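> Structure: target37.cif, mmCIF, C-alpha atoms.
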data_protein
loop_
_atom_site.label_atom_id
_atom_site.label_comp_id
_atom_site.auth_asym_id
_atom_site.auth_seq_id
_atom_site.Cartn_x
_atom_site.Cartn_y
_atom_site.Cartn_z
CA MET A 211 0.00 0.00 0.00
CA LYS A 212 2.86 2.35 0.91
CA PHE A 213 4.53 1.64 -2.45
CA TRP A 214 1.40 2.48 -4.45
CA LYS A 215 0.84 5.65 -2.43
CA LYS A 216 4.41 6.72 -3.24
CA MET A 217 3.84 5.93 -6.93
CA MET A 218 0.68 8.07 -6.95
CA VAL A 219 2.59 11.02 -5.44
CA ILE A 220 5.35 10.68 -8.03
CA GLY A 221 2.74 10.41 -10.79
CA SER A 222 1.07 13.65 -9.67
CA ILE A 223 4.41 15.51 -9.60
CA ILE A 224 5.86 14.21 -12.88
CA GLY A 225 5.71 16.67 -15.75
CA PRO A 226 8.01 19.72 -15.62
CA GLY A 227 11.29 17.73 -15.65
CA ILE A 228 10.30 15.26 -18.36
CA ILE A 229 8.72 17.92 -20.59
CA THR A 230 11.60 20.41 -20.27
CA ALA A 231 14.32 17.86 -21.01
CA ASN A 232 12.49 16.12 -23.86
CA ILE A 233 11.48 19.29 -25.64
CA ASP A 234 15.10 20.38 -25.58
CA ASN A 235 15.32 17.83 -28.43
CA ASP A 236 13.69 20.37 -30.74
CA ALA A 237 14.40 21.02 -34.44
CA SER A 238 17.90 22.40 -33.70
CA GLY A 239 18.81 19.53 -31.38
CA ILE A 240 17.61 16.82 -33.76
CA THR A 241 19.54 18.48 -36.60
CA THR A 242 22.73 18.48 -34.50
CA TYR A 243 22.43 14.77 -33.62
CA SER A 244 21.52 13.82 -37.22
CA VAL A 245 24.54 15.68 -38.62
CA ALA A 246 26.80 14.13 -35.95
CA GLY A 247 25.71 10.61 -36.92
CA ALA A 248 25.92 11.22 -40.66
CA ARG A 249 29.40 12.77 -40.54
CA PHE A 250 31.13 10.72 -37.84
CA GLY A 251 29.05 7.55 -37.49
CA TYR A 252 29.12 6.43 -33.86
CA GLY A 253 32.24 8.51 -33.14
CA LEU A 254 30.41 11.15 -31.07
CA LEU A 255 28.22 8.84 -28.98
CA TRP A 256 30.67 9.12 -26.04
CA THR A 257 29.86 12.84 -25.69
CA LEU A 258 26.37 11.93 -24.46
CA ILE A 259 27.73 10.53 -21.17
CA PRO A 260 29.34 13.77 -19.83
CA THR A 261 26.51 15.77 -21.39
CA THR A 262 23.89 13.75 -19.51
CA ILE A 263 25.77 14.18 -16.22
CA ALA A 264 25.99 17.95 -16.81
CA LEU A 265 22.30 18.14 -17.71
CA VAL A 266 21.23 16.22 -14.58
CA VAL A 267 23.39 18.43 -12.33
CA ILE A 268 22.10 21.73 -13.76
CA GLN A 269 18.44 20.74 -14.04
CA GLU A 270 18.31 19.26 -10.52
CA MET A 271 19.69 22.48 -9.03
CA VAL A 272 17.21 24.67 -10.92
CA ALA A 273 14.32 22.41 -9.93
CA ARG A 274 15.43 22.56 -6.28
CA LEU A 275 15.50 26.36 -6.45
CA GLY A 276 11.89 26.39 -7.66
CA VAL A 277 10.64 23.82 -5.14
CA ILE A 278 12.26 25.42 -2.06
CA THR A 279 11.73 29.13 -2.87
CA GLY A 280 8.41 28.88 -4.72
CA LYS A 281 9.73 31.52 -7.15
CA GLY A 282 10.85 31.51 -10.78
CA LEU A 283 14.51 31.98 -11.74
CA SER A 284 13.89 35.35 -13.39
CA TYR A 285 12.12 36.61 -10.26
CA LEU A 286 15.00 35.45 -8.03
CA ILE A 287 17.63 37.11 -10.25
CA ARG A 288 15.70 40.42 -10.13
CA GLU A 289 15.22 40.13 -6.37
CA ASN A 290 18.87 39.35 -5.63
CA TYR A 291 20.85 41.09 -8.40
CA GLY A 292 18.74 44.09 -9.36
CA VAL A 293 16.48 45.29 -12.16
CA LYS A 294 19.27 46.44 -14.51
CA THR A 295 21.01 43.04 -14.57
CA THR A 296 17.68 41.30 -15.11
CA PHE A 297 16.63 43.71 -17.89
CA PHE A 298 19.73 43.11 -20.03
CA MET A 299 19.50 39.36 -19.51
CA MET A 300 15.83 39.37 -20.51
CA LEU A 301 16.64 41.42 -23.63
CA GLY A 302 19.21 38.85 -24.71
CA LEU A 303 16.88 35.95 -23.93
CA LEU A 304 14.10 37.56 -25.97
CA VAL A 305 16.35 37.59 -29.06
CA ALA A 306 17.64 34.05 -28.42
CA ASN A 307 14.19 32.57 -27.79
CA PHE A 308 12.68 34.27 -30.82
CA GLY A 309 15.40 32.77 -33.04
CA THR A 310 14.80 29.34 -31.46
CA THR A 311 11.04 29.66 -32.08
CA VAL A 312 11.71 30.54 -35.74
CA ALA A 313 13.97 27.46 -36.01
CA ASN A 314 11.18 25.28 -34.62
CA PHE A 315 8.58 26.63 -37.04
CA ALA A 316 11.10 26.10 -39.85
CA GLY A 317 11.51 22.48 -38.70
CA TRP A 318 7.72 22.08 -38.54
CA ALA A 319 7.32 23.45 -42.07
CA ALA A 320 10.14 21.37 -43.61
CA SER A 321 9.17 18.08 -41.94
CA THR A 322 5.48 18.39 -42.86
CA GLU A 323 6.42 19.21 -46.46
CA ILE A 324 8.17 15.79 -46.55
CA LEU A 325 4.83 14.33 -45.45
CA GLY A 326 3.19 16.04 -48.45
CA MET A 327 1.71 19.17 -46.84
CA SER A 328 2.10 22.81 -47.89
CA LYS A 329 3.84 25.10 -45.39
CA TYR A 330 1.40 27.89 -46.30
CA ILE A 331 -1.39 25.79 -44.78
CA ILE A 332 0.43 23.81 -42.10
CA VAL A 333 2.37 26.71 -40.46
CA PRO A 334 -0.73 28.89 -39.78
CA LEU A 335 -2.63 25.76 -38.69
CA GLY A 336 0.16 24.80 -36.28
CA ALA A 337 0.44 28.36 -34.91
CA ILE A 338 -3.32 28.66 -34.31
CA SER A 339 -3.50 25.21 -32.69
CA ILE A 340 -0.72 25.84 -30.17
CA TRP A 341 -2.04 29.35 -29.44
CA MET A 342 -5.48 27.90 -28.66
CA LEU A 343 -3.97 25.15 -26.52
CA VAL A 344 -2.06 27.49 -24.21
CA THR A 345 -4.43 30.49 -24.08
CA LYS A 346 -7.60 28.43 -23.59
CA GLY A 347 -6.31 25.38 -21.67
CA SER A 348 -5.42 25.00 -17.99
CA TYR A 349 -1.88 24.18 -16.83
CA ARG A 350 -2.87 20.56 -16.06
CA PHE A 351 -4.49 20.10 -19.49
CA VAL A 352 -1.53 21.59 -21.38
CA GLU A 353 0.91 19.49 -19.33
CA GLY A 354 -1.08 16.33 -20.10
CA ILE A 355 -1.03 17.04 -23.86
CA LEU A 356 2.71 17.74 -23.76
CA LEU A 357 3.45 14.51 -21.85
CA ILE A 358 1.46 12.50 -24.40
CA ALA A 359 3.27 14.24 -27.26
CA CYS A 360 6.61 13.39 -25.61
CA LEU A 361 5.78 9.70 -26.22
CA VAL A 362 6.18 10.35 -29.97
CA TYR A 363 9.93 10.73 -29.36
CA LEU A 364 10.00 6.95 -28.86
CA GLY A 365 9.73 6.77 -32.67
CA TYR A 366 13.43 7.60 -32.82
CA ILE A 367 14.19 4.44 -30.84
CA VAL A 368 12.13 2.47 -33.38
CA SER A 369 14.03 4.04 -36.30
CA GLY A 370 17.35 3.23 -34.57
CA ILE A 371 16.39 -0.43 -34.18
CA MET A 372 15.13 -0.56 -37.80
CA ALA A 373 18.58 0.66 -38.91
CA LYS A 374 20.03 -2.71 -37.70
CA PRO A 375 23.29 -1.26 -36.33
CA ASP A 376 26.24 -3.25 -34.97
CA TRP A 377 25.56 -2.99 -31.22
CA SER A 378 29.02 -4.24 -30.20
CA VAL A 379 30.67 -1.39 -32.13
CA ILE A 380 28.15 1.07 -30.61
CA ALA A 381 28.96 -0.10 -27.06
CA LYS A 382 32.68 0.40 -27.66
CA LYS A 383 32.25 3.86 -29.22
CA THR A 384 29.94 4.96 -26.40
CA PHE A 385 32.28 4.08 -23.54
CA VAL A 386 35.72 4.37 -25.22
CA PRO A 387 36.20 7.84 -26.74
CA GLN A 388 38.27 7.98 -29.94
CA LEU A 389 39.06 11.66 -30.29
CA GLN A 390 39.63 13.28 -33.65
CA TRP A 391 41.52 16.55 -33.71
CA ASN A 392 39.80 18.24 -36.62
CA SER A 393 37.65 21.37 -36.45
CA GLU A 394 34.40 19.73 -37.60
CA TYR A 395 34.62 16.99 -34.98
CA ILE A 396 35.36 19.50 -32.20
CA MET A 397 32.57 21.83 -33.38
CA LEU A 398 29.99 19.04 -33.37
CA SER A 399 31.18 17.84 -29.92
CA ILE A 400 30.58 21.34 -28.56
CA ALA A 401 27.28 21.69 -30.45
CA ILE A 402 25.94 18.50 -28.80
CA ILE A 403 26.56 20.01 -25.35
CA GLY A 404 25.30 23.43 -26.46
CA THR A 405 22.03 22.09 -27.85
CA THR A 406 21.41 19.98 -24.73
CA ILE A 407 21.86 22.70 -22.07
CA THR A 408 20.18 25.99 -23.03
CA PRO A 409 19.15 29.13 -21.09
CA TRP A 410 15.41 28.82 -21.82
CA MET A 411 15.31 25.36 -20.17
CA GLN A 412 16.37 26.72 -16.80
CA PHE A 413 13.69 29.42 -16.77
CA TYR A 414 10.90 27.19 -18.06
CA LEU A 415 11.64 24.32 -15.66
CA GLN A 416 11.67 26.50 -12.55
CA SER A 417 8.60 28.53 -13.56
CA SER A 418 6.56 25.42 -14.43
CA ILE A 419 7.46 23.86 -11.05
CA VAL A 420 6.25 27.03 -9.32
CA GLU A 421 3.03 27.20 -11.36
CA LYS A 422 2.30 23.52 -10.72
CA GLY A 423 2.62 24.24 -6.98
CA ILE A 424 5.27 21.62 -6.19
CA THR A 425 6.43 22.14 -2.59
CA LYS A 426 9.28 21.04 -0.31
CA ALA A 427 7.24 18.00 0.75
CA ASN A 428 7.41 16.69 -2.84
CA TYR A 429 11.07 17.53 -3.49
CA GLN A 430 12.18 13.89 -3.89
CA ALA A 431 9.39 13.18 -6.41
CA SER A 432 10.35 16.32 -8.34
CA ARG A 433 13.96 15.15 -8.37
CA ILE A 434 12.90 11.80 -9.87
CA ASP A 435 10.93 13.70 -12.55
CA VAL A 436 13.98 15.81 -13.48
CA VAL A 437 16.53 12.97 -13.55
CA THR A 438 14.14 10.73 -15.52
CA GLY A 439 13.60 13.50 -18.08
CA CYS A 440 17.35 14.05 -18.52
CA LEU A 441 17.99 10.33 -19.03
CA ILE A 442 15.12 9.90 -21.51
CA THR A 443 16.13 12.88 -23.63
CA ASP A 444 19.68 11.64 -24.07
CA VAL A 445 18.51 8.10 -24.85
CA ILE A 446 16.52 9.66 -27.72
CA SER A 447 19.61 11.66 -28.78
CA PHE A 448 21.59 8.39 -28.71
CA PHE A 449 19.18 6.67 -31.10
CA ILE A 450 19.11 9.63 -33.52
CA ILE A 451 22.91 9.43 -33.81
CA VAL A 452 22.73 5.62 -34.13
CA THR A 453 20.15 5.82 -36.95
CA CYS A 454 22.17 8.28 -39.02
CA GLY A 455 25.47 6.63 -38.08
CA ALA A 456 24.25 3.20 -39.20
CA LEU A 457 22.63 4.28 -42.48
CA LEU A 458 24.01 7.60 -43.73
CA PHE A 459 27.64 7.51 -42.56
CA PRO A 460 28.64 4.29 -44.43
CA GLN A 461 27.20 5.77 -47.64
CA GLY A 462 29.14 9.02 -47.19
CA ILE A 463 25.89 11.02 -47.24
CA ARG A 464 26.52 14.49 -45.80
CA ILE A 465 23.56 16.45 -44.48
CA ASN A 466 23.02 19.88 -42.95
CA GLU A 467 19.42 19.54 -41.76
CA ALA A 468 17.35 16.87 -39.97
CA THR A 469 14.84 16.94 -42.86
CA GLU A 470 17.64 15.90 -45.23
CA ALA A 471 18.28 12.93 -42.93
CA ALA A 472 14.61 11.90 -43.14
CA MET A 473 14.70 12.02 -46.95
CA ALA A 474 18.07 10.25 -47.19
CA LEU A 475 16.80 7.36 -45.01
CA LYS A 476 14.07 6.47 -47.55
CA PRO A 477 16.16 4.50 -50.08
CA LEU A 478 18.32 2.98 -47.31
CA ALA A 479 15.78 1.92 -44.67
CA GLY A 480 12.46 2.18 -46.47
CA ASP A 481 9.41 4.44 -46.33
CA TYR A 482 8.50 3.59 -42.73
CA ALA A 483 11.86 4.61 -41.22
CA SER A 484 11.84 7.83 -43.26
CA LEU A 485 8.26 8.68 -42.27
CA ILE A 486 8.90 7.91 -38.58
CA PHE A 487 11.93 10.21 -38.61
CA ALA A 488 10.01 13.02 -40.37
CA PHE A 489 6.92 12.64 -38.15
CA CYS A 490 9.02 12.72 -34.97
CA LEU A 491 10.79 15.86 -36.23
CA ALA A 492 7.43 17.54 -36.93
CA ASN A 493 6.25 16.65 -33.42
CA ALA A 494 9.47 17.90 -31.79
CA SER A 495 9.39 21.15 -33.76
CA LEU A 496 5.80 21.92 -32.79
CA LEU A 497 6.48 21.12 -29.12
CA GLY A 498 9.48 23.47 -29.20
CA ALA A 499 7.25 26.15 -30.75
CA ILE A 500 4.92 25.77 -27.75
CA ILE A 501 7.42 25.67 -24.90
CA VAL A 502 10.04 28.26 -25.92
CA PRO A 503 7.46 31.10 -26.24
CA ILE A 504 5.94 30.04 -22.87
CA SER A 505 9.42 30.23 -21.37
CA THR A 506 9.82 33.72 -22.87
CA ALA A 507 6.53 34.89 -21.39
CA TYR A 508 7.38 33.38 -17.99
CA TYR A 509 10.75 35.07 -17.52
CA VAL A 510 9.79 38.48 -18.92
CA CYS A 511 6.72 38.69 -16.68
CA GLU A 512 8.61 37.47 -13.59
CA ALA A 513 11.38 40.01 -14.27
CA MET A 514 8.89 42.85 -14.59
CA GLY A 515 6.68 41.76 -11.69
CA TRP A 516 3.67 41.02 -13.94
CA GLU A 517 1.15 38.22 -13.48
CA ALA A 518 2.20 35.05 -15.30
CA GLY A 519 0.90 31.53 -15.86
CA ILE A 520 -0.91 29.21 -18.24
CA ASN A 521 -3.79 29.02 -15.72
CA LYS A 522 -4.35 32.77 -16.10
CA THR A 523 -6.69 34.39 -18.64
CA PHE A 524 -5.91 37.33 -20.97
CA LYS A 525 -7.68 39.56 -18.45
CA GLU A 526 -5.70 38.22 -15.46
CA ALA A 527 -2.26 38.10 -17.15
CA PRO A 528 -2.41 40.24 -20.33
CA GLN A 529 1.37 40.72 -20.64
CA PHE A 530 2.04 36.96 -20.34
CA MET A 531 -0.56 36.09 -22.96
CA TRP A 532 0.46 38.87 -25.37
CA ILE A 533 4.18 37.99 -25.20
CA TYR A 534 3.29 34.35 -25.94
CA THR A 535 0.94 35.38 -28.77
CA LEU A 536 3.30 37.83 -30.47
CA THR A 537 6.26 35.42 -30.32
CA ILE A 538 4.23 32.73 -32.12
CA VAL A 539 2.62 35.09 -34.68
CA LEU A 540 5.87 36.85 -35.67
CA ALA A 541 7.87 33.60 -35.88
CA ALA A 542 5.19 31.90 -38.01
CA LEU A 543 4.90 34.93 -40.32
CA LEU A 544 8.66 34.97 -40.89
CA ILE A 545 8.57 31.35 -42.11
CA LEU A 546 5.95 32.32 -44.72
CA ILE A 547 7.83 35.36 -46.06
CA PRO A 548 9.99 34.51 -49.11
CA GLY A 549 13.60 35.59 -48.58
CA ALA A 550 13.22 36.19 -44.82
CA PRO A 551 16.60 36.11 -42.97
CA LEU A 552 15.93 32.78 -41.25
CA VAL A 553 19.55 31.58 -41.24
CA PHE A 554 20.78 34.88 -39.77
CA LEU A 555 18.17 34.69 -36.98
CA MET A 556 19.08 31.10 -36.14
CA VAL A 557 22.82 31.88 -36.04
CA LEU A 558 22.19 35.00 -33.96
CA SER A 559 20.06 32.90 -31.60
CA SER A 560 22.92 30.39 -31.16
CA VAL A 561 25.42 33.18 -30.43
CA VAL A 562 23.16 34.93 -27.89
CA ASN A 563 22.31 31.62 -26.20
CA GLY A 564 26.02 30.85 -25.98
CA LEU A 565 26.80 34.24 -24.45
CA LEU A 566 23.94 34.08 -21.92
CA LEU A 567 24.28 30.48 -20.73
CA PRO A 568 27.35 31.06 -18.49
CA PHE A 569 25.64 34.00 -16.74
CA VAL A 570 22.42 32.02 -16.19
CA LEU A 571 24.34 29.09 -14.71
CA ILE A 572 26.50 31.28 -12.46
CA TYR A 573 23.41 33.08 -11.12
CA ALA A 574 21.69 29.72 -10.52
CA LEU A 575 24.74 28.39 -8.64
CA SER A 576 25.03 31.54 -6.57
CA LEU A 577 21.33 31.35 -5.64
CA ILE A 578 21.41 27.64 -4.80
CA ASN A 579 24.25 28.29 -2.32
CA ASN A 580 22.46 31.21 -0.64
CA LYS A 581 21.55 29.89 2.82
CA SER A 582 19.00 32.63 3.48
CA LEU A 583 17.12 31.39 0.40
CA MET A 584 17.71 27.66 0.54
CA GLY A 585 18.26 26.87 4.22
CA THR A 586 19.48 23.27 4.49
CA TYR A 587 18.89 22.67 0.77
CA THR A 588 22.07 24.39 -0.44
CA ASN A 589 24.62 22.33 -2.37
CA PRO A 590 26.99 20.15 -0.29
CA LYS A 591 30.70 20.76 -1.03
CA SER A 592 31.11 17.63 -3.13
CA TYR A 593 28.09 18.59 -5.23
CA ASN A 594 29.45 22.12 -5.67
CA TYR A 595 32.73 20.77 -7.04
CA ILE A 596 30.83 18.82 -9.69
CA ALA A 597 28.50 21.73 -10.44
CA TRP A 598 31.22 24.38 -10.76
CA GLY A 599 33.36 21.99 -12.79
CA THR A 600 30.41 21.49 -15.14
CA VAL A 601 29.85 25.25 -15.42
CA ILE A 602 33.55 25.96 -16.12
CA VAL A 603 33.63 23.34 -18.89
CA ILE A 604 30.40 24.69 -20.40
CA ILE A 605 31.74 28.27 -20.27
CA GLY A 606 34.97 27.23 -22.02
CA LEU A 607 33.20 25.20 -24.71
CA THR A 608 30.49 27.83 -25.20
CA ALA A 609 33.10 30.59 -25.59
CA PHE A 610 34.90 28.50 -28.22
CA LEU A 611 31.63 27.83 -30.06
CA VAL A 612 30.58 31.50 -30.07
CA ILE A 613 34.01 32.62 -31.32
CA THR A 614 33.98 30.06 -34.15
CA ILE A 615 30.50 31.25 -35.19
CA LEU A 616 31.43 34.96 -35.02
CA ILE A 617 34.72 34.71 -36.97
CA PRO A 618 33.08 33.46 -40.22
CA MET A 619 30.28 36.01 -39.79
CA GLY A 620 32.89 38.76 -39.42
CA GLY A 621 34.62 37.64 -42.59
CA LYS A 622 31.39 38.04 -44.59
CA VAL A 623 30.78 41.61 -43.49
#
Take the structure in this file and express it as structure tokens.

Amino acid sequence: MKFWKKMMVIGSIIGPGIITANIDNDASGITTYSVAGARFGYGLLWTLIPTTIALVVIQEMVARLGVITGKGLSYLIRENYGVKTTFFMMLGLLVANFGTTVANFAGWAASTEILGMSKYIIVPLGAISIWMLVTKGSYRFVEGILLIACLVYLGYIVSGIMAKPDWSVIAKKTFVPQLQWNSEYIMLSIAIIGTTITPWMQFYLQSSIVEKGITKANYQASRIDVVTGCLITDVISFFIIVTCGALLFPQGIRINEATEAAMALKPLAGDYASLIFAFCLANASLLGAIIVPISTAYYVCEAMGWEAGINKTFKEAPQFMWIYTLTIVLAALLILIPGAPLVFLMVLSSVVNGLLLPFVLIYALSLINNKSLMGTYTNPKSYNYIAWGTVIVIIGLTAFLVITILIPMGGKV
């Protein structure tokens, strides 16, 4: 009886951690893993182990902040570091999140075109559907829909199995790194970490925990939710790399987009594998187009002291609803405009995300170690060593990634 009671508590808490981590595998993430598999086979699978550890460490801390303080990350930064600091961070995050939303709508359009649909119909339809879902639905209803949609990611596991890879080679490549000292290999290694740990995740996770009303009494259940989400998302990433590594890499097929991977799989693995890959990409893109604008609305409203939440109406939280609405409308319109600077926006988004991530993580670490905020729930010393080590590595890799993106851009000017 005690066991089932515990399971019911965990079941009622599960949601924010699993949704946040899974939806981080959006159009940009799936593209990164597809390209990694196509260009280096199983050679980058080992990167998923340190990446998963880093993701668990960061997400658990952010979740703990939300559970213990009952406040969103943006609110805590404003309260502890001032309005000016928060304003400039929010400005940067607005640009980064808008670019990410555009990338997700682009992924939605491209993947549904593979399935035989016109983007001029499917993009407005997708935008209207997700707008209706969030503005008219309750938090519980939206969370339930998102959790069900997360199950579609399992299609990537199916496509990986259908690829019939050599599992003994995969096991060796996963646990025994074979480093290659060329720029493309290093860039993709960094990109895998960069696409897995993003600024918007930290704000969305903490705000959704607060809105769901998860308290100190349910901290352990929330922790299970977060760790489970991190593990699931990187299992999915693993199978995306395996699929492309097993089928595209041996043929020397180079791709730049996840949609190209879906089309290239058709002659190699058949219609079903190709359709599964494309359908999963469409699902991931649309989920990203829901969550990233919600994250934007959450942190802007918290920073400005405005009412925020999916449970609120337009009348109760007009700023929250209008920020969400405008982000979706503008991003969807850009996809439909011929010649719109989509690539520039996506690159700019990556650069801004890279610049902001270290600051977000340092603020989160500083807050989690604030005894007046956290009481006995601050990080123990051993945990701090791991956390700061993770942050230092991410800062170094992110700096390298941003510099390598900016240098080519500078050369074109």
> What is the CA of Gln269 (chain A)-CA of Val368 (chain A) distance in Å, reported with one decimal?
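A separation of 27.3 Å between them.
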> Counting all atoms listed in the file, find residues at most 10 Å from (8.7, 24.2, -46.5) (file frame) and give them as JSON, numbers by chain.
{"A": [315, 316, 317, 318, 319, 320, 321, 322, 323, 324, 327, 328, 329, 330, 332, 333, 545, 546]}
> Any chance you could resolve the PyMOL selection byres ((chain A and resi 300-309) around 6) against this file and give the residues as an MDAnalysis selection string?
chainID A and resid 297:299 310:312 555:556 559 562:563
> Wanna dump the region 340-404 of chain A-region 486-496 of chain A contacts at 7 Å for me, each residue with its shortest atom pair and the distance in Å to one decimal, counting all atoms listed in the file, ordered by chain and number, as a tab-separated table?

residue	atom	partner	partner_atom	distance
A:Val362	CA	A:Cys490	CA	6.2
A:Tyr363	CA	A:Cys490	CA	6.0
A:Gly365	CA	A:Ile486	CA	6.1
A:Tyr366	CA	A:Phe487	CA	6.5
A:Ser369	CA	A:Ile486	CA	6.8
> Extract, using all atoms listed in the file, all DNA, RNA and protein residues at most 8 Å from region 585-598 of chain A, discarding same-chain residues fewer than 2 positions from it, and format them as number ranges by chain.
A: 264, 267-268, 274, 278, 575, 578-583, 600-602
> Mind dumping the selected residues with C-alpha atoms as a PDB file, in the frame of the given file?

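Just written: result_24.pdb:
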ATOM      1  CA  ALA A 264      25.990  17.950 -16.810  1.00  0.00           C
ATOM      2  CA  VAL A 267      23.390  18.430 -12.330  1.00  0.00           C
ATOM      3  CA  ILE A 268      22.100  21.730 -13.760  1.00  0.00           C
ATOM      4  CA  ARG A 274      15.430  22.560  -6.280  1.00  0.00           C
ATOM      5  CA  ILE A 278      12.260  25.420  -2.060  1.00  0.00           C
ATOM      6  CA  LEU A 575      24.740  28.390  -8.640  1.00  0.00           C
ATOM      7  CA  ILE A 578      21.410  27.640  -4.800  1.00  0.00           C
ATOM      8  CA  ASN A 579      24.250  28.290  -2.320  1.00  0.00           C
ATOM      9  CA  ASN A 580      22.460  31.210  -0.640  1.00  0.00           C
ATOM     10  CA  LYS A 581      21.550  29.890   2.820  1.00  0.00           C
ATOM     11  CA  SER A 582      19.000  32.630   3.480  1.00  0.00           C
ATOM     12  CA  LEU A 583      17.120  31.390   0.400  1.00  0.00           C
ATOM     13  CA  THR A 600      30.410  21.490 -15.140  1.00  0.00           C
ATOM     14  CA  VAL A 601      29.850  25.250 -15.420  1.00  0.00           C
ATOM     15  CA  ILE A 602      33.550  25.960 -16.120  1.00  0.00           C
TER      16      ILE A 602
END
> Name the closest residue to Phe448 (chain A) among the candidates A:Gly370, A:Gly225, A:Gly462, A:Gly423; distances are taken between atoms, counting only C-alpha atoms.
A:Gly370
> Could you produce a table of the residues of region 439-538 of chain A lying within 12 Å of region 378-402 of chain A, with the nearest pair of atoms per residue and their separation in Å rounded to one decimal, using all atoms listed in the file, ordered by chain and increasing residue number, as a Markdown table?

| residue | atom | partner | partner_atom | distance |
| --- | --- | --- | --- | --- |
| A:Asp444 | CA | A:Ile402 | CA | 10.4 |
| A:Val445 | CA | A:Thr384 | CA | 12.0 |
| A:Ser447 | CA | A:Ile402 | CA | 9.3 |
| A:Phe448 | CA | A:Thr384 | CA | 9.3 |
| A:Phe449 | CA | A:Ile380 | CA | 10.6 |
| A:Ile451 | CA | A:Ile380 | CA | 10.4 |
| A:Val452 | CA | A:Ile380 | CA | 7.9 |
| A:Thr453 | CA | A:Ile380 | CA | 11.3 |
| A:Gly455 | CA | A:Ile380 | CA | 9.7 |
| A:Ala456 | CA | A:Ile380 | CA | 9.7 |
| A:Asn466 | CA | A:Leu398 | CA | 11.9 |
> Any chance you could resolve the PyMOL selection byres ((chain A and resi 403) around 10) against this file and give the residues as an mmCIF file with C-alpha atoms, keeping the file's coordinate frame?

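Printed below is out18.cif as written:
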data_model
loop_
_atom_site.group_PDB
_atom_site.id
_atom_site.type_symbol
_atom_site.label_atom_id
_atom_site.label_comp_id
_atom_site.auth_asym_id
_atom_site.auth_seq_id
_atom_site.Cartn_x
_atom_site.Cartn_y
_atom_site.Cartn_z
ATOM 1 C CA GLY A 239 18.810 19.530 -31.380
ATOM 2 C CA THR A 257 29.860 12.840 -25.690
ATOM 3 C CA LEU A 258 26.370 11.930 -24.460
ATOM 4 C CA PRO A 260 29.340 13.770 -19.830
ATOM 5 C CA THR A 261 26.510 15.770 -21.390
ATOM 6 C CA THR A 262 23.890 13.750 -19.510
ATOM 7 C CA ALA A 264 25.990 17.950 -16.810
ATOM 8 C CA LEU A 265 22.300 18.140 -17.710
ATOM 9 C CA LEU A 398 29.990 19.040 -33.370
ATOM 10 C CA SER A 399 31.180 17.840 -29.920
ATOM 11 C CA ILE A 400 30.580 21.340 -28.560
ATOM 12 C CA ALA A 401 27.280 21.690 -30.450
ATOM 13 C CA ILE A 402 25.940 18.500 -28.800
ATOM 14 C CA GLY A 404 25.300 23.430 -26.460
ATOM 15 C CA THR A 405 22.030 22.090 -27.850
ATOM 16 C CA THR A 406 21.410 19.980 -24.730
ATOM 17 C CA ILE A 407 21.860 22.700 -22.070
ATOM 18 C CA THR A 408 20.180 25.990 -23.030
ATOM 19 C CA ILE A 604 30.400 24.690 -20.400
ATOM 20 C CA LEU A 607 33.200 25.200 -24.710
ATOM 21 C CA THR A 608 30.490 27.830 -25.200
#
> If I take CA of Ala248 (chain A) and CA of Gly549 (chain A), how far is one from the other in Å, to one decimal?
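Distance between the two atoms: 28.4 Å.
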> So, counting all atoms listed in the file, which residue among A:Trp256, A:Tyr534, A:Phe459, A:Tyr429 is closest to Ile501 (chain A)?
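Closest residue, counting all atoms listed in the file: A:Tyr534.
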> By how many Å are CA of Thr345 (chain A) and CA of Asn235 (chain A) apart?
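So the answer is 23.9 Å.
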> Report as a ChimeraX atom specification the residues that result from applying the PyMOL selection byres ((chain A and resi 439) around 12) to the structure here.
/A:224-235,262,265-266,269-270,357,360-361,415,432-438,440-446
> Mind checking which residues fall within 12 Å of Ile355 (chain A), counting all atoms listed in the file, ignoring those fewer than 3 positions away in the same chain, and posting them as a PyMOL selection string?
chain A and resi 225+229+340+343-344+347-352+358-362+497+500
> Just the selected residues (C-alpha atoms), exported as a PDB file, in the frame of the given file, please.

ATOM      1  CA  GLY A 225       5.710  16.670 -15.750  1.00  0.00           C
ATOM      2  CA  ILE A 229       8.720  17.920 -20.590  1.00  0.00           C
ATOM      3  CA  ILE A 340      -0.720  25.840 -30.170  1.00  0.00           C
ATOM      4  CA  LEU A 343      -3.970  25.150 -26.520  1.00  0.00           C
ATOM      5  CA  VAL A 344      -2.060  27.490 -24.210  1.00  0.00           C
ATOM      6  CA  GLY A 347      -6.310  25.380 -21.670  1.00  0.00           C
ATOM      7  CA  SER A 348      -5.420  25.000 -17.990  1.00  0.00           C
ATOM      8  CA  TYR A 349      -1.880  24.180 -16.830  1.00  0.00           C
ATOM      9  CA  ARG A 350      -2.870  20.560 -16.060  1.00  0.00           C
ATOM     10  CA  PHE A 351      -4.490  20.100 -19.490  1.00  0.00           C
ATOM     11  CA  VAL A 352      -1.530  21.590 -21.380  1.00  0.00           C
ATOM     12  CA  ILE A 358       1.460  12.500 -24.400  1.00  0.00           C
ATOM     13  CA  ALA A 359       3.270  14.240 -27.260  1.00  0.00           C
ATOM     14  CA  CYS A 360       6.610  13.390 -25.610  1.00  0.00           C
ATOM     15  CA  LEU A 361       5.780   9.700 -26.220  1.00  0.00           C
ATOM     16  CA  VAL A 362       6.180  10.350 -29.970  1.00  0.00           C
ATOM     17  CA  LEU A 497       6.480  21.120 -29.120  1.00  0.00           C
ATOM     18  CA  ILE A 500       4.920  25.770 -27.750  1.00  0.00           C
TER      19      ILE A 500
END
